[in-house]
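Undergrad: Got a file for you: my_file.cif, mmCIF, C-alpha atoms.
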data_my_file
#
loop_
_atom_site.label_atom_id
_atom_site.label_comp_id
_atom_site.auth_asym_id
_atom_site.auth_seq_id
_atom_site.Cartn_x
_atom_site.Cartn_y
_atom_site.Cartn_z
CA MET A 1 0.00 0.00 0.00
CA GLY A 2 1.50 3.36 -1.06
CA THR A 3 1.12 6.94 0.03
CA ALA A 4 -1.33 9.45 -1.42
CA GLU A 5 1.40 11.11 -3.49
CA GLU A 6 1.92 7.91 -5.52
CA HIS A 7 -1.72 7.72 -6.68
CA PRO A 8 -2.84 10.85 -8.55
CA GLN A 9 -6.54 9.86 -8.43
CA THR A 10 -6.86 9.56 -4.66
CA PRO A 11 -8.61 12.46 -2.93
CA GLN A 12 -5.70 12.86 -0.49
CA SER A 13 -3.37 13.81 -3.35
CA ARG A 14 -5.19 17.11 -3.89
CA LEU A 15 -5.81 20.10 -1.64
CA ARG A 16 -9.31 21.52 -1.95
CA VAL A 17 -9.19 25.32 -1.66
CA ASN A 18 -12.73 26.26 -2.70
CA ARG A 19 -15.41 25.07 -5.15
CA GLU A 20 -13.43 26.21 -8.19
CA LEU A 21 -9.90 25.23 -7.17
CA THR A 22 -8.16 22.07 -6.01
CA LEU A 23 -4.38 21.92 -6.08
CA PRO A 24 -2.27 18.80 -6.54
CA LEU A 25 -0.07 18.21 -3.49
CA ALA A 26 2.89 18.01 -5.87
CA GLU A 27 2.68 21.83 -6.22
CA ILE A 28 3.01 22.32 -2.46
CA THR A 29 6.43 22.03 -0.85
CA LEU A 30 6.41 20.56 2.64
CA ARG A 31 9.41 21.18 4.89
CA THR A 32 9.87 19.72 8.32
CA SER A 33 12.03 20.87 11.20
CA ARG A 34 12.18 20.65 14.94
CA SER A 35 9.52 22.55 16.81
CA SER A 36 10.43 25.49 19.01
CA GLY A 37 9.43 25.83 22.62
CA PRO A 38 9.14 23.29 25.43
CA GLY A 39 8.65 19.59 24.91
CA GLY A 40 11.49 17.78 26.57
CA GLN A 41 13.36 14.93 24.98
CA HIS A 42 10.64 14.21 22.39
CA ALA A 43 10.85 17.75 20.90
CA ASN A 44 14.62 17.56 20.77
CA VAL A 45 14.67 14.55 18.45
CA THR A 46 11.46 14.83 16.40
CA ALA A 47 11.04 16.99 13.30
CA SER A 48 7.33 17.61 13.95
CA ARG A 49 7.09 21.23 12.73
CA VAL A 50 5.69 21.37 9.19
CA GLU A 51 5.88 24.31 6.82
CA ALA A 52 3.72 24.26 3.67
CA LEU A 53 4.91 26.50 0.81
CA PHE A 54 3.01 27.34 -2.36
CA ASP A 55 4.63 29.14 -5.30
CA VAL A 56 1.92 31.15 -7.07
CA LEU A 57 4.01 31.93 -10.16
CA ALA A 58 5.04 28.31 -10.80
CA SER A 59 1.58 26.76 -10.39
CA PRO A 60 0.02 25.42 -13.61
CA SER A 61 -3.28 24.75 -11.77
CA LEU A 62 -4.19 28.42 -11.43
CA SER A 63 -6.03 30.41 -14.07
CA GLU A 64 -4.58 33.77 -15.03
CA SER A 65 -7.26 35.65 -13.08
CA GLN A 66 -6.63 33.50 -9.97
CA ARG A 67 -2.88 34.01 -10.29
CA ALA A 68 -3.26 37.79 -10.66
CA ARG A 69 -5.61 37.96 -7.66
CA LEU A 70 -3.25 35.88 -5.49
CA LEU A 71 -0.22 37.94 -6.49
CA ALA A 72 -2.05 41.18 -5.69
CA ARG A 73 -3.50 40.05 -2.38
CA ALA A 74 -0.99 37.54 -0.97
CA GLY A 75 2.27 37.82 -2.92
CA PRO A 76 4.27 35.30 -4.96
CA ARG A 77 4.66 32.71 -2.14
CA LEU A 78 2.18 31.61 0.47
CA THR A 79 3.30 29.76 3.57
CA ALA A 80 1.56 28.09 6.48
CA VAL A 81 3.27 26.62 9.52
CA ALA A 82 2.01 24.11 12.08
CA GLN A 83 3.85 23.00 15.19
CA ASP A 84 0.84 22.62 17.48
CA GLU A 85 0.88 18.83 17.78
CA ARG A 86 3.49 16.23 18.69
CA SER A 87 2.74 14.32 15.51
CA GLN A 88 4.30 15.37 12.21
CA ILE A 89 1.33 13.84 10.34
CA ARG A 90 -1.17 15.93 12.30
CA ASN A 91 0.95 19.07 11.83
CA ARG A 92 1.08 18.33 8.10
CA GLU A 93 -2.74 18.24 7.98
CA LEU A 94 -2.94 21.48 9.97
CA ALA A 95 -0.39 23.24 7.75
CA LEU A 96 -2.22 22.17 4.58
CA ARG A 97 -5.57 23.27 6.02
CA ARG A 98 -4.12 26.66 6.99
CA LEU A 99 -2.60 27.07 3.53
CA ALA A 100 -5.97 26.26 1.92
CA GLU A 101 -7.68 28.84 4.17
CA ARG A 102 -5.12 31.50 3.21
CA LEU A 103 -5.55 30.72 -0.47
CA ALA A 104 -9.35 30.79 -0.19
CA ARG A 105 -9.27 34.14 1.65
CA ALA A 106 -6.95 35.66 -0.95
CA LEU A 107 -9.07 34.36 -3.83
CA ALA A 108 -12.42 35.45 -2.36
CA VAL A 109 -14.04 38.22 -4.37
CA PRO A 110 -15.94 40.55 -2.05
CA ARG A 111 -19.53 41.12 -3.07
CA LYS A 112 -20.22 44.52 -4.55
CA ARG A 113 -22.11 46.77 -2.17
CA ARG A 114 -25.50 47.78 -3.45
CA PRO A 115 -26.26 51.23 -2.06
CA THR A 116 -29.52 51.41 -0.17
CA ARG A 117 -31.65 54.34 0.85
CA PRO A 118 -32.48 55.14 4.48
CA THR A 119 -35.97 54.10 5.50
CA ALA A 120 -38.62 56.70 6.24
CA ALA A 121 -38.57 55.73 9.94
CA SER A 122 -34.77 56.13 10.19
CA ARG A 123 -34.99 59.56 8.52
CA GLU A 124 -37.69 60.59 10.98
CA ARG A 125 -35.61 59.34 13.96
CA ARG A 126 -32.60 61.32 12.73
CA LEU A 127 -34.62 64.51 12.32
CA ALA A 128 -36.29 64.03 15.72
CA ALA A 129 -32.85 63.65 17.35
CA LYS A 130 -31.70 66.84 15.64
CA ARG A 131 -34.78 68.67 16.93
CA ARG A 132 -34.10 67.43 20.48
CA GLY A 133 -30.47 68.61 20.23
CA THR A 134 -31.58 72.02 18.95
CA GLU A 135 -34.12 72.35 21.78
CA ARG A 136 -31.52 71.33 24.39
CA LYS A 137 -29.10 74.01 23.17
CA ARG A 138 -31.87 76.60 23.01
CA GLU A 139 -32.69 75.89 26.70
CA ARG A 140 -29.03 76.45 27.66
CA ARG A 141 -29.00 80.00 26.29
CA PRO A 142 -29.20 82.86 28.73
CA PRO A 143 -32.64 84.54 28.86
CA GLU A 144 -33.15 87.38 26.38
CA ASP A 145 -33.87 90.86 27.80
CA SER A 146 -36.78 92.54 26.06
#
Translate this file's structure into structure tokens.

TA:
Amino acid sequence: MGTAEEHPQTPQSRLRVNRELTLPLAEITLRTSRSSGPGGQHANVTASRVEALFDVLASPSLSESQRARLLARAGPRLTAVAQDERSQIRNRELALRRLAERLARALAVPRKRRPTRPTAASRERRLAAKRRGTERKRERRPPEDS
């Protein structure tokens, strides 16, 4: 039995970013190193920290519009690091999930705001508040001598 990287058709060999985009794991570089921080003897010998790197310019999976959007919003390289768990496998999953979230956020097109008009009730409340403010200031004035 082989790993997911050996079988291109398995679902684990691709990273799902959003509905329109799934990336082959071959386009993502995974680097491991020792985690920082406490952990005792286990942390000193285990390379459990995982860094996932994605090169936007070199990816053939991206359309030109996706590439341009990623370059403008996230830059030419996206990285995600995970060193939360003791297990390298779990950190690999976390790093890939974080990378997918970053990619999805950078690719998201914000909906265009449709301008709305204030309701009649909100206009009336605003004008009533202005009248109250005017009345309050009028009451603060010194009395006029006639």

Undergrad: Write out as CSV a residue-level contact list of segment 67-111 of chain A versus segment 16-35 of chain A with cut-off 10 Å: for each qualifying residue the closest pair of atoms and the distance in Å to one decimal, counting all atoms listed in the file, rows sorted by chain and residue number upward.

TA:
residue,atom,partner,partner_atom,distance
A:Leu78,CA,A:Ile28,CA,9.8
A:Thr79,CA,A:Thr29,CA,9.4
A:Ala80,CA,A:Leu30,CA,9.7
A:Val81,CA,A:Arg31,CA,9.4
A:Ala82,CA,A:Ser35,CA,9.0
A:Gln83,CA,A:Ser35,CA,5.9
A:Asp84,CA,A:Ser35,CA,8.7
A:Glu85,CA,A:Ser35,CA,9.5
A:Arg86,CA,A:Ser35,CA,8.9
A:Gln88,CA,A:Thr32,CA,8.1
A:Asn91,CA,A:Thr32,CA,9.6
A:Arg92,CA,A:Leu30,CA,7.9
A:Ala95,CA,A:Leu30,CA,8.9
A:Leu96,CA,A:Ile28,CA,8.8
A:Arg97,CA,A:Val17,CA,8.7
A:Leu99,CA,A:Val17,CA,8.6
A:Ala100,CA,A:Val17,CA,4.9
A:Glu101,CA,A:Val17,CA,7.0
A:Arg102,CA,A:Val17,CA,8.9
A:Leu103,CA,A:Val17,CA,6.6
A:Ala104,CA,A:Val17,CA,5.7
A:Arg105,CA,A:Val17,CA,9.4
A:Leu107,CA,A:Asn18,CA,9.0
A:Ala108,CA,A:Asn18,CA,9.2

Undergrad: For Arg49 of chain A, which residue out of A:Thr134, A:Ser87, A:Gln66, A:Thr119 is the nearest one, using all atoms listed in the file?

TA: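 Of A:Thr134, A:Ser87, A:Gln66, A:Thr119, the one nearest Arg49 of chain A, counting all atoms listed in the file, is A:Ser87.
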
Undergrad: Could you please determine the separation between atom CA of Glu51 of chain A and atom CA of Ala106 of chain A in Å, to one decimal place?

TA: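 Value for the atom CA of Glu51 of chain A-atom CA of Ala106 of chain A distance: 18.8 Å.
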
Undergrad: Report as a PDB file with C-alpha atoms, in the coordinates of the input the residues that result from applying the PyMOL selection byres ((chain A and resi 58) around 12) to the structure here.

TA:
ATOM      1  CA  ALA A  26       2.890  18.010  -5.870  1.00  0.00           C
ATOM      2  CA  GLU A  27       2.680  21.830  -6.220  1.00  0.00           C
ATOM      3  CA  ILE A  28       3.010  22.320  -2.460  1.00  0.00           C
ATOM      4  CA  THR A  29       6.430  22.030  -0.850  1.00  0.00           C
ATOM      5  CA  LEU A  53       4.910  26.500   0.810  1.00  0.00           C
ATOM      6  CA  PHE A  54       3.010  27.340  -2.360  1.00  0.00           C
ATOM      7  CA  ASP A  55       4.630  29.140  -5.300  1.00  0.00           C
ATOM      8  CA  VAL A  56       1.920  31.150  -7.070  1.00  0.00           C
ATOM      9  CA  LEU A  57       4.010  31.930 -10.160  1.00  0.00           C
ATOM     10  CA  SER A  59       1.580  26.760 -10.390  1.00  0.00           C
ATOM     11  CA  PRO A  60       0.020  25.420 -13.610  1.00  0.00           C
ATOM     12  CA  SER A  61      -3.280  24.750 -11.770  1.00  0.00           C
ATOM     13  CA  LEU A  62      -4.190  28.420 -11.430  1.00  0.00           C
ATOM     14  CA  SER A  63      -6.030  30.410 -14.070  1.00  0.00           C
ATOM     15  CA  GLU A  64      -4.580  33.770 -15.030  1.00  0.00           C
ATOM     16  CA  ARG A  67      -2.880  34.010 -10.290  1.00  0.00           C
ATOM     17  CA  LEU A  71      -0.220  37.940  -6.490  1.00  0.00           C
ATOM     18  CA  PRO A  76       4.270  35.300  -4.960  1.00  0.00           C
ATOM     19  CA  ARG A  77       4.660  32.710  -2.140  1.00  0.00           C
TER      20      ARG A  77
END

Undergrad: To box segment 84-100 of chain A, take all atoms listed in the file, fit an axis-aligned box, add 8 Å on each side, and give centre and edge lengths in Å to one decimal, as JSON.

TA:
{"center_x": -0.8, "center_y": 20.5, "center_z": 10.3, "size_x": 26.3, "size_y": 29.2, "size_z": 32.8}

Undergrad: Do you have the atom CA of Arg126 of chain A-atom CA of Pro143 of chain A distance handy?

TA: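 It comes out at 28.3 Å.
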
Undergrad: Could you jot down the atom CA of Arg14 of chain A to atom CA of Leu94 of chain A separation for me, Å, one decimal place?

TA: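 Pair atom CA of Arg14 of chain A / atom CA of Leu94 of chain A returns 14.7 Å.
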
Undergrad: For Arg69 of chain A, which of A:Pro38, A:Ser48, A:Val109, A:Arg90 is the closest residue, counting only C-alpha atoms?

TA: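 Closest to Arg69 of chain A of all the choices is A:Val109.
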